[in-house]
$ cat structure_3.tsv   # TSV, C-alpha atoms
chain	number	residue	atom	x	y	z
G	1317	ALA	CA	-85.11	-37.84	6.37
G	1318	GLN	CA	-87.42	-40.18	4.52
G	1319	SER	CA	-91.11	-40.70	5.20
G	1320	VAL	CA	-94.18	-42.55	3.98
G	1321	ALA	CA	-97.81	-41.47	4.16
G	1322	GLN	CA	-100.78	-43.77	3.87
G	1323	PRO	CA	-103.64	-41.27	3.94
G	1324	GLU	CA	-106.45	-43.75	4.59
G	1325	ASP	CA	-106.68	-45.66	7.85
G	1326	GLN	CA	-109.29	-47.94	6.30
G	1327	VAL	CA	-110.50	-48.80	2.81
G	1328	ASN	CA	-113.77	-50.64	2.21
G	1329	VAL	CA	-114.37	-52.44	-1.09
G	1330	ALA	CA	-117.04	-54.84	-2.26
G	1331	GLU	CA	-115.85	-58.27	-3.34
G	1332	GLY	CA	-115.15	-58.38	-7.06
G	1333	ASN	CA	-114.55	-54.64	-7.35
G	1334	PRO	CA	-111.14	-53.12	-8.03
G	1335	LEU	CA	-109.20	-51.88	-5.03
G	1336	THR	CA	-106.59	-49.18	-4.48
G	1337	VAL	CA	-104.53	-48.55	-1.35
G	1338	LYS	CA	-102.72	-45.23	-1.50
G	1339	CYS	CA	-99.11	-44.46	-0.60
G	1340	THR	CA	-96.99	-41.35	-1.02
G	1341	TYR	CA	-93.36	-41.01	-0.05
G	1342	SER	CA	-90.55	-38.56	0.54
G	1343	VAL	CA	-86.88	-39.47	0.10
G	1344	SER	CA	-83.80	-37.48	-0.85
G	1345	GLY	CA	-82.36	-39.97	-3.34
G	1346	ASN	CA	-83.90	-42.54	-5.64
G	1347	PRO	CA	-86.77	-44.32	-3.90
G	1348	TYR	CA	-86.89	-48.06	-3.37
G	1349	LEU	CA	-90.51	-48.85	-2.52
G	1350	PHE	CA	-92.10	-51.91	-0.95
G	1351	TRP	CA	-95.58	-53.21	-0.09
G	1352	TYR	CA	-96.23	-55.71	2.69
G	1353	VAL	CA	-99.40	-57.34	4.03
G	1354	GLN	CA	-100.08	-58.39	7.61
G	1355	TYR	CA	-102.79	-60.73	8.87
G	1356	PRO	CA	-103.84	-60.53	12.56
G	1357	ASN	CA	-101.07	-61.46	15.02
G	1358	ARG	CA	-98.73	-62.46	12.19
G	1359	GLY	CA	-95.54	-61.14	10.68
G	1360	LEU	CA	-95.40	-59.12	7.47
G	1361	GLN	CA	-95.54	-60.82	4.09
G	1362	PHE	CA	-93.75	-59.25	1.13
G	1363	LEU	CA	-96.02	-58.40	-1.83
G	1364	LEU	CA	-93.88	-56.45	-4.30
G	1365	LYS	CA	-91.21	-53.81	-4.72
G	1366	TYR	CA	-90.12	-51.09	-7.11
G	1367	ILE	CA	-86.42	-50.57	-7.64
G	1368	THR	CA	-86.07	-49.28	-11.18
G	1369	GLY	CA	-87.49	-49.81	-14.66
G	1370	ASP	CA	-91.14	-50.34	-15.51
G	1371	ASN	CA	-93.43	-48.13	-13.43
G	1372	LEU	CA	-96.03	-50.91	-13.11
G	1373	VAL	CA	-94.83	-53.63	-10.78
G	1374	LYS	CA	-96.60	-56.97	-10.48
G	1375	GLY	CA	-96.47	-58.96	-7.27
G	1376	SER	CA	-97.98	-61.80	-5.29
G	1377	TYR	CA	-101.70	-62.75	-5.10
G	1378	GLY	CA	-102.65	-60.64	-8.14
G	1379	PHE	CA	-101.52	-57.34	-6.63
G	1380	GLU	CA	-99.72	-54.66	-8.60
G	1381	ALA	CA	-98.46	-51.17	-7.85
G	1382	GLU	CA	-97.82	-48.13	-9.98
G	1383	PHE	CA	-94.82	-45.92	-9.35
G	1384	ASN	CA	-95.40	-42.25	-10.19
G	1385	LYS	CA	-92.29	-40.15	-9.72
G	1386	SER	CA	-93.92	-36.76	-10.36
G	1387	GLN	CA	-96.61	-37.42	-7.75
G	1388	THR	CA	-94.23	-39.32	-5.43
G	1389	SER	CA	-96.79	-42.08	-5.15
G	1390	PHE	CA	-96.77	-45.88	-5.15
G	1391	HIS	CA	-100.40	-46.99	-4.96
G	1392	LEU	CA	-101.26	-50.66	-4.53
G	1393	LYS	CA	-103.96	-52.04	-6.81
G	1394	LYS	CA	-105.87	-55.21	-7.62
G	1395	PRO	CA	-108.43	-55.57	-10.42
G	1396	SER	CA	-110.87	-57.78	-8.49
G	1397	ALA	CA	-110.91	-57.94	-4.68
G	1398	LEU	CA	-111.35	-61.13	-2.68
G	1399	VAL	CA	-112.67	-61.40	0.88
G	1400	SER	CA	-109.35	-63.06	1.75
G	1401	ASP	CA	-107.54	-59.83	0.80
G	1402	SER	CA	-108.88	-58.26	4.01
G	1403	ALA	CA	-105.78	-57.40	6.05
G	1404	LEU	CA	-103.45	-54.58	7.11
G	1405	TYR	CA	-101.23	-53.21	4.31
G	1406	PHE	CA	-97.97	-51.36	4.76
G	1407	CYS	CA	-96.03	-49.25	2.30
G	1408	ALA	CA	-92.30	-48.77	2.99
G	1409	VAL	CA	-89.44	-46.80	1.47
G	1410	ARG	CA	-85.68	-46.81	1.51
G	1411	ASP	CA	-83.24	-44.36	-0.06
G	1412	GLY	CA	-81.62	-46.10	-3.02
G	1413	GLY	CA	-78.34	-44.37	-2.28
G	1414	GLY	CA	-78.10	-45.94	1.12
G	1415	GLY	CA	-77.03	-49.40	2.17
G	1416	ALA	CA	-78.91	-52.28	3.72
G	1417	ASP	CA	-80.32	-50.27	6.58
G	1418	GLY	CA	-83.89	-50.34	7.83
G	1419	LEU	CA	-87.07	-49.52	5.99
G	1420	THR	CA	-89.30	-46.55	6.81
G	1421	PHE	CA	-92.92	-47.68	7.03
G	1422	GLY	CA	-96.25	-45.94	6.73
G	1423	LYS	CA	-98.80	-46.35	9.50
G	1424	GLY	CA	-100.73	-48.96	7.57
G	1425	THR	CA	-104.13	-49.18	5.89
G	1426	HIS	CA	-106.81	-51.64	6.92
G	1427	LEU	CA	-108.39	-53.14	3.83
G	1428	ILE	CA	-111.86	-54.59	4.35
G	1429	ILE	CA	-113.45	-56.56	1.52
G	1430	GLN	CA	-117.18	-56.97	1.96
G	1431	PRO	CA	-118.90	-60.08	0.55
V	705	ASP	CA	-92.79	-66.20	7.64
V	706	GLY	CA	-90.35	-68.52	5.88
V	707	GLY	CA	-87.10	-69.42	7.58
V	708	ILE	CA	-87.24	-66.84	10.35
V	709	THR	CA	-88.36	-67.96	13.79
V	710	GLN	CA	-89.11	-65.81	16.81
V	711	SER	CA	-89.67	-67.00	20.33
V	712	PRO	CA	-91.58	-66.84	22.48
V	713	LYS	CA	-94.81	-65.91	20.72
V	714	TYR	CA	-96.14	-64.22	23.87
V	715	LEU	CA	-94.02	-62.77	26.67
V	716	PHE	CA	-95.00	-61.12	29.92
V	717	ARG	CA	-92.65	-58.85	31.82
V	718	LYS	CA	-92.84	-57.44	35.29
V	719	GLU	CA	-91.78	-53.89	36.05
V	720	GLY	CA	-87.99	-53.62	36.37
V	721	GLN	CA	-87.24	-56.88	34.57
V	722	ASN	CA	-85.03	-57.38	31.54
V	723	VAL	CA	-86.34	-59.81	28.93
V	724	THR	CA	-84.73	-61.24	25.80
V	725	LEU	CA	-86.55	-61.96	22.56
V	726	SER	CA	-85.07	-64.58	20.27
V	727	CYS	CA	-84.74	-64.31	16.47
V	728	GLU	CA	-83.16	-67.05	14.36
V	729	GLN	CA	-82.94	-67.38	10.57
V	730	ASN	CA	-81.81	-70.23	8.33
V	731	LEU	CA	-81.90	-68.24	5.09
V	732	ASN	CA	-78.16	-67.47	5.14
V	733	HIS	CA	-79.05	-63.78	5.16
V	734	ASP	CA	-76.39	-61.27	6.13
V	735	ALA	CA	-78.54	-58.50	7.55
V	736	MET	CA	-81.02	-58.71	10.42
V	737	TYR	CA	-83.41	-56.13	11.85
V	738	TRP	CA	-85.67	-55.49	14.84
V	739	TYR	CA	-88.83	-53.43	14.53
V	740	ARG	CA	-91.48	-52.45	17.04
V	741	GLN	CA	-95.14	-52.25	16.03
V	742	ASP	CA	-97.71	-50.23	17.96
V	743	PRO	CA	-101.35	-49.88	16.92
V	744	GLY	CA	-101.80	-47.07	14.41
V	745	GLN	CA	-98.06	-46.27	14.26
V	746	GLY	CA	-96.70	-48.69	11.73
V	747	LEU	CA	-93.29	-50.25	12.29
V	748	ARG	CA	-90.32	-48.42	13.79
V	749	LEU	CA	-86.72	-49.59	13.54
V	750	ILE	CA	-84.97	-50.45	16.82
V	751	TYR	CA	-81.61	-51.95	15.75
V	752	TYR	CA	-80.09	-53.56	12.69
V	753	SER	CA	-76.99	-55.57	11.88
V	754	GLN	CA	-75.41	-56.01	8.45
V	755	ILE	CA	-72.64	-58.40	9.52
V	756	VAL	CA	-71.64	-60.52	12.50
V	757	ASN	CA	-70.28	-58.60	15.49
V	758	ASP	CA	-71.57	-55.28	14.19
V	759	PHE	CA	-74.88	-53.49	14.66
V	760	GLN	CA	-76.35	-49.99	14.43
V	761	LYS	CA	-79.04	-48.11	16.30
V	762	GLY	CA	-82.31	-47.42	14.59
V	763	ASP	CA	-84.83	-44.70	15.32
V	764	ILE	CA	-85.93	-45.93	18.76
V	765	ALA	CA	-82.94	-47.78	20.28
V	766	GLU	CA	-83.20	-46.32	23.79
V	767	GLY	CA	-83.97	-49.00	26.36
V	768	TYR	CA	-83.02	-51.86	24.04
V	769	SER	CA	-79.82	-53.82	23.41
V	770	VAL	CA	-78.76	-56.44	20.85
V	771	SER	CA	-75.92	-58.77	20.00
V	772	ARG	CA	-74.86	-60.48	16.78
V	773	GLU	CA	-72.42	-63.24	17.69
V	774	LYS	CA	-73.66	-65.62	14.99
V	775	LYS	CA	-74.95	-64.98	11.49
V	776	GLU	CA	-78.14	-66.90	12.24
V	777	SER	CA	-79.10	-65.17	15.48
V	778	PHE	CA	-79.97	-61.60	16.51
V	779	PRO	CA	-81.48	-61.52	20.03
V	780	LEU	CA	-83.11	-58.35	21.38
V	781	THR	CA	-83.06	-57.47	25.08
V	782	VAL	CA	-85.73	-55.13	26.38
V	783	THR	CA	-84.23	-53.52	29.46
V	784	SER	CA	-85.90	-51.93	32.46
V	785	ALA	CA	-84.91	-48.56	30.98
V	786	GLN	CA	-87.55	-48.99	28.28
V	787	LYS	CA	-90.51	-47.20	29.84
V	788	ASN	CA	-93.26	-48.42	27.56
V	789	PRO	CA	-92.25	-51.84	26.23
V	790	THR	CA	-95.71	-53.28	25.58
V	791	ALA	CA	-95.78	-53.85	21.81
V	792	PHE	CA	-95.50	-56.37	19.00
V	793	TYR	CA	-91.86	-57.02	18.08
V	794	LEU	CA	-90.88	-58.13	14.60
V	795	CYS	CA	-87.56	-59.48	13.42
V	796	ALA	CA	-86.56	-59.39	9.76
V	797	SER	CA	-83.61	-60.44	7.61
V	798	SER	CA	-82.28	-59.77	4.13
V	799	MET	CA	-79.51	-60.86	1.83
V	800	VAL	CA	-76.92	-58.16	1.31
V	801	ALA	CA	-75.20	-57.97	-2.03
V	802	PHE	CA	-71.52	-57.09	-2.14
V	803	GLY	CA	-71.11	-53.56	-0.91
V	804	GLY	CA	-74.60	-53.53	0.48
V	805	SER	CA	-77.76	-52.97	-1.46
V	806	ALA	CA	-80.78	-50.90	-0.64
V	807	SER	CA	-82.90	-53.02	-3.00
V	808	ASP	CA	-82.75	-56.23	-0.97
V	809	THR	CA	-86.11	-57.41	0.29
V	810	GLN	CA	-86.60	-57.84	4.02
V	811	TYR	CA	-88.44	-60.97	5.14
V	812	PHE	CA	-90.20	-61.03	8.49
V	813	GLY	CA	-90.64	-63.50	11.30
V	814	PRO	CA	-94.01	-64.21	13.00
V	815	GLY	CA	-93.43	-61.72	15.85
V	816	THR	CA	-93.38	-61.69	19.66
V	817	ARG	CA	-96.06	-59.89	21.63
V	818	LEU	CA	-94.61	-58.41	24.82
V	819	THR	CA	-96.88	-57.26	27.62
V	820	VAL	CA	-95.82	-55.51	30.80
V	821	LEU	CA	-97.76	-56.59	33.87
$ encode --input "structure_3.tsv" --output "structure tokens"
Amino acid sequence: AQSVAQPEDQVNVAEGNPLTVKCTYSVSGNPYLFWYVQYPNRGLQFLLKYITGDNLVKGSYGFEAEFNKSQTSFHLKKPSALVSDSALYFCAVRDGGGGADGLTFGKGTHLIIQP
Amino acid sequence: DGGITQSPKYLFRKEGQNVTLSCEQNLNHDAMYWYRQDPGQGLRLIYYSQIVNDFQKGDIAEGYSVSREKKESFPLTVTSAQKNPTAFYLCASSMVAFGGSASDTQYFGPGTRLTVL
């Protein structure tokens, strides 16, 4: 079975500072990893994904994520936080050996950017 | 939210009633998914369908039913057998490469909030 852990329910960052939202995963095969963002009462918006290749993945809105196989982690990062980045962030995983079945999500991390 | 629409945005159900949530996509995607979101629990997979007239149960299928008669549509029925249906329901879709691909990105609709009265 595959699983995702987001160890922090909430992360607080001052505007302009770098931010990190943590994610660790467990999967039997090669991991395909995804980050999504959700604003209140809205659907999820895709930010970025890691499939293979370069461990540093760049995505939408200046976000990036670093895949670390030895630590089974896929932390989301941004060099300079904006107040508008405040939202709920989800990490998700899928076994690369599987087909187009569903994603397994973490419980989410609330990111709060303080002005 | 792109080309995926969900209706209604808010839905109220009485005890013992069945209700159907609509999901339509105009992205020409092959696969469609239903997830349930509860506070502090992330998203959990209810059902998914990779092609028309075929679908599979997810992790929490009990008390739910689906159909996939058209590529564009994947309605979800919440039956009276679902004991705790109050939640936010999200539909998603993805393109499926030949043979299926685990790398395809899922895109989400705006969601339907279901409340049991």
$ atom_distance --input "structure_3.tsv" --atom1 "CA of Tyr1355 in chain G" --atom2 "CA of Gly1412 in chain G"
28.3 Å
$ residues_around --input "structure_3.tsv" --residues "range 773-789 of chain V" --least-positions-apart "3" --cutoff "10 Å" --atoms "all atoms listed in the file" --output "PDB file with C-alpha atoms, in the frame of the given file"
ATOM      1  CA  ILE V 708     -87.240 -66.840  10.350  1.00  0.00           C
ATOM      2  CA  THR V 709     -88.360 -67.960  13.790  1.00  0.00           C
ATOM      3  CA  GLN V 710     -89.110 -65.810  16.810  1.00  0.00           C
ATOM      4  CA  SER V 711     -89.670 -67.000  20.330  1.00  0.00           C
ATOM      5  CA  ARG V 717     -92.650 -58.850  31.820  1.00  0.00           C
ATOM      6  CA  LYS V 718     -92.840 -57.440  35.290  1.00  0.00           C
ATOM      7  CA  GLU V 719     -91.780 -53.890  36.050  1.00  0.00           C
ATOM      8  CA  GLY V 720     -87.990 -53.620  36.370  1.00  0.00           C
ATOM      9  CA  GLN V 721     -87.240 -56.880  34.570  1.00  0.00           C
ATOM     10  CA  ASN V 722     -85.030 -57.380  31.540  1.00  0.00           C
ATOM     11  CA  VAL V 723     -86.340 -59.810  28.930  1.00  0.00           C
ATOM     12  CA  THR V 724     -84.730 -61.240  25.800  1.00  0.00           C
ATOM     13  CA  LEU V 725     -86.550 -61.960  22.560  1.00  0.00           C
ATOM     14  CA  SER V 726     -85.070 -64.580  20.270  1.00  0.00           C
ATOM     15  CA  CYS V 727     -84.740 -64.310  16.470  1.00  0.00           C
ATOM     16  CA  GLU V 728     -83.160 -67.050  14.360  1.00  0.00           C
ATOM     17  CA  GLN V 729     -82.940 -67.380  10.570  1.00  0.00           C
ATOM     18  CA  ASN V 730     -81.810 -70.230   8.330  1.00  0.00           C
ATOM     19  CA  LEU V 731     -81.900 -68.240   5.090  1.00  0.00           C
ATOM     20  CA  ASN V 732     -78.160 -67.470   5.140  1.00  0.00           C
ATOM     21  CA  HIS V 733     -79.050 -63.780   5.160  1.00  0.00           C
ATOM     22  CA  ASP V 734     -76.390 -61.270   6.130  1.00  0.00           C
ATOM     23  CA  ALA V 735     -78.540 -58.500   7.550  1.00  0.00           C
ATOM     24  CA  MET V 736     -81.020 -58.710  10.420  1.00  0.00           C
ATOM     25  CA  TYR V 737     -83.410 -56.130  11.850  1.00  0.00           C
ATOM     26  CA  TRP V 738     -85.670 -55.490  14.840  1.00  0.00           C
ATOM     27  CA  ARG V 740     -91.480 -52.450  17.040  1.00  0.00           C
ATOM     28  CA  ILE V 750     -84.970 -50.450  16.820  1.00  0.00           C
ATOM     29  CA  TYR V 751     -81.610 -51.950  15.750  1.00  0.00           C
ATOM     30  CA  TYR V 752     -80.090 -53.560  12.690  1.00  0.00           C
ATOM     31  CA  SER V 753     -76.990 -55.570  11.880  1.00  0.00           C
ATOM     32  CA  GLN V 754     -75.410 -56.010   8.450  1.00  0.00           C
ATOM     33  CA  ILE V 755     -72.640 -58.400   9.520  1.00  0.00           C
ATOM     34  CA  VAL V 756     -71.640 -60.520  12.500  1.00  0.00           C
ATOM     35  CA  ASN V 757     -70.280 -58.600  15.490  1.00  0.00           C
ATOM     36  CA  ASP V 758     -71.570 -55.280  14.190  1.00  0.00           C
ATOM     37  CA  PHE V 759     -74.880 -53.490  14.660  1.00  0.00           C
ATOM     38  CA  ALA V 765     -82.940 -47.780  20.280  1.00  0.00           C
ATOM     39  CA  GLU V 766     -83.200 -46.320  23.790  1.00  0.00           C
ATOM     40  CA  GLY V 767     -83.970 -49.000  26.360  1.00  0.00           C
ATOM     41  CA  TYR V 768     -83.020 -51.860  24.040  1.00  0.00           C
ATOM     42  CA  SER V 769     -79.820 -53.820  23.410  1.00  0.00           C
ATOM     43  CA  VAL V 770     -78.760 -56.440  20.850  1.00  0.00           C
ATOM     44  CA  PHE V 792     -95.500 -56.370  19.000  1.00  0.00           C
ATOM     45  CA  TYR V 793     -91.860 -57.020  18.080  1.00  0.00           C
ATOM     46  CA  CYS V 795     -87.560 -59.480  13.420  1.00  0.00           C
ATOM     47  CA  ALA V 796     -86.560 -59.390   9.760  1.00  0.00           C
ATOM     48  CA  SER V 797     -83.610 -60.440   7.610  1.00  0.00           C
ATOM     49  CA  LEU V 818     -94.610 -58.410  24.820  1.00  0.00           C
ATOM     50  CA  THR V 819     -96.880 -57.260  27.620  1.00  0.00           C
ATOM     51  CA  VAL V 820     -95.820 -55.510  30.800  1.00  0.00           C
TER      52      VAL V 820
END
$ closest_residue --input "structure_3.tsv" --among "G:Pro1323, G:Gly1424, G:Gly1378, G:Pro1395" --to "Lys1338 in chain G" --atoms "all atoms listed in the file"
G:Pro1323
$ closest_residue --input "structure_3.tsv" --among "G:Gln1326, G:Ser1342, G:Asn1333, G:Thr1388" --to "Thr1420 in chain G" --atoms "only C-alpha atoms"
G:Ser1342
$ residues_near_point --input "structure_3.tsv" --point "(-112.2, -53.2, -0.4)" --cutoff "12 Å" --atoms "all atoms listed in the file" --output "PyMOL selection string"
chain G and resi 1326-1337+1392-1405+1425-1431
$ atom_distance --input "structure_3.tsv" --atom1 "CA of Thr790 in chain V" --atom2 "CA of Ile764 in chain V"
14.0 Å
$ residues_around --input "structure_3.tsv" --residues "Arg748 in chain V" --least-positions-apart "6" --cutoff "7 Å" --atoms "all atoms listed in the file" --output "ChimeraX atom specification"
/V:739-741,763
$ interface_residues --input "structure_3.tsv" --of "chain G" --to "chain V" --cutoff "9 Å" --atoms "all atoms listed in the file" --output "list in words"
Asp1325, Tyr1348, Leu1349, Phe1350, Asn1357, Arg1358, Gly1359, Leu1360, Gln1361, Phe1362, Lys1365, Tyr1366, Ile1367, Phe1406, Arg1410, Asp1411, Gly1412, Gly1413, Gly1414, Gly1415, Ala1416, Asp1417, Gly1418, Leu1419, Thr1420, Phe1421, Gly1422, Lys1423 and Gly1424 of chain G
$ atom_distance --input "structure_3.tsv" --atom1 "CA of Cys1339 in chain G" --atom2 "CA of Phe1379 in chain G"
14.4 Å
$ residues_around --input "structure_3.tsv" --residues "Asn1384 in chain G" --least-positions-apart "6" --cutoff "10 Å" --atoms "all atoms listed in the file" --output "ChimeraX atom specification"
/G:1340,1371-1372,1390-1391
$ write_last_selection --input "structure_3.tsv" --atoms "C-alpha atoms" --output "PDB file, in the frame of the given file"
ATOM      1  CA  THR G1340     -96.990 -41.350  -1.020  1.00  0.00           C
ATOM      2  CA  ASN G1371     -93.430 -48.130 -13.430  1.00  0.00           C
ATOM      3  CA  LEU G1372     -96.030 -50.910 -13.110  1.00  0.00           C
ATOM      4  CA  PHE G1390     -96.770 -45.880  -5.150  1.00  0.00           C
ATOM      5  CA  HIS G1391    -100.400 -46.990  -4.960  1.00  0.00           C
TER       6      HIS G1391
END
$ decode --input "structure_3.tsv" --residues "range 1408-1428 of chain G" --atoms "C-alpha atoms" --output "CSV table (one decimal), in the first residue's frame"
chain,number,residue,atom,x,y,z
G,1408,ALA,CA,0.1,13.0,-3.5
G,1409,VAL,CA,1.7,9.9,-4.8
G,1410,ARG,CA,1.1,7.1,-7.2
G,1411,ASP,CA,3.0,3.9,-7.9
G,1412,GLY,CA,4.8,4.4,-11.3
G,1413,GLY,CA,4.2,0.7,-12.0
G,1414,GLY,CA,0.5,1.1,-11.9
G,1415,GLY,CA,-2.0,2.5,-14.4
G,1416,ALA,CA,-4.2,5.5,-14.4
G,1417,ASP,CA,-5.8,4.8,-11.0
G,1418,GLY,CA,-6.3,7.2,-8.2
G,1419,LEU,CA,-3.8,9.3,-6.3
G,1420,THR,CA,-3.0,8.8,-2.6
G,1421,PHE,CA,-3.1,12.2,-0.8
G,1422,GLY,CA,-1.6,13.5,2.4
G,1423,LYS,CA,-3.8,15.2,4.9
G,1424,GLY,CA,-2.8,18.6,3.8
G,1425,THR,CA,-0.8,21.5,5.2
G,1426,HIS,CA,-2.2,25.0,5.8
G,1427,LEU,CA,0.3,27.6,4.7
G,1428,ILE,CA,-0.1,31.0,6.3
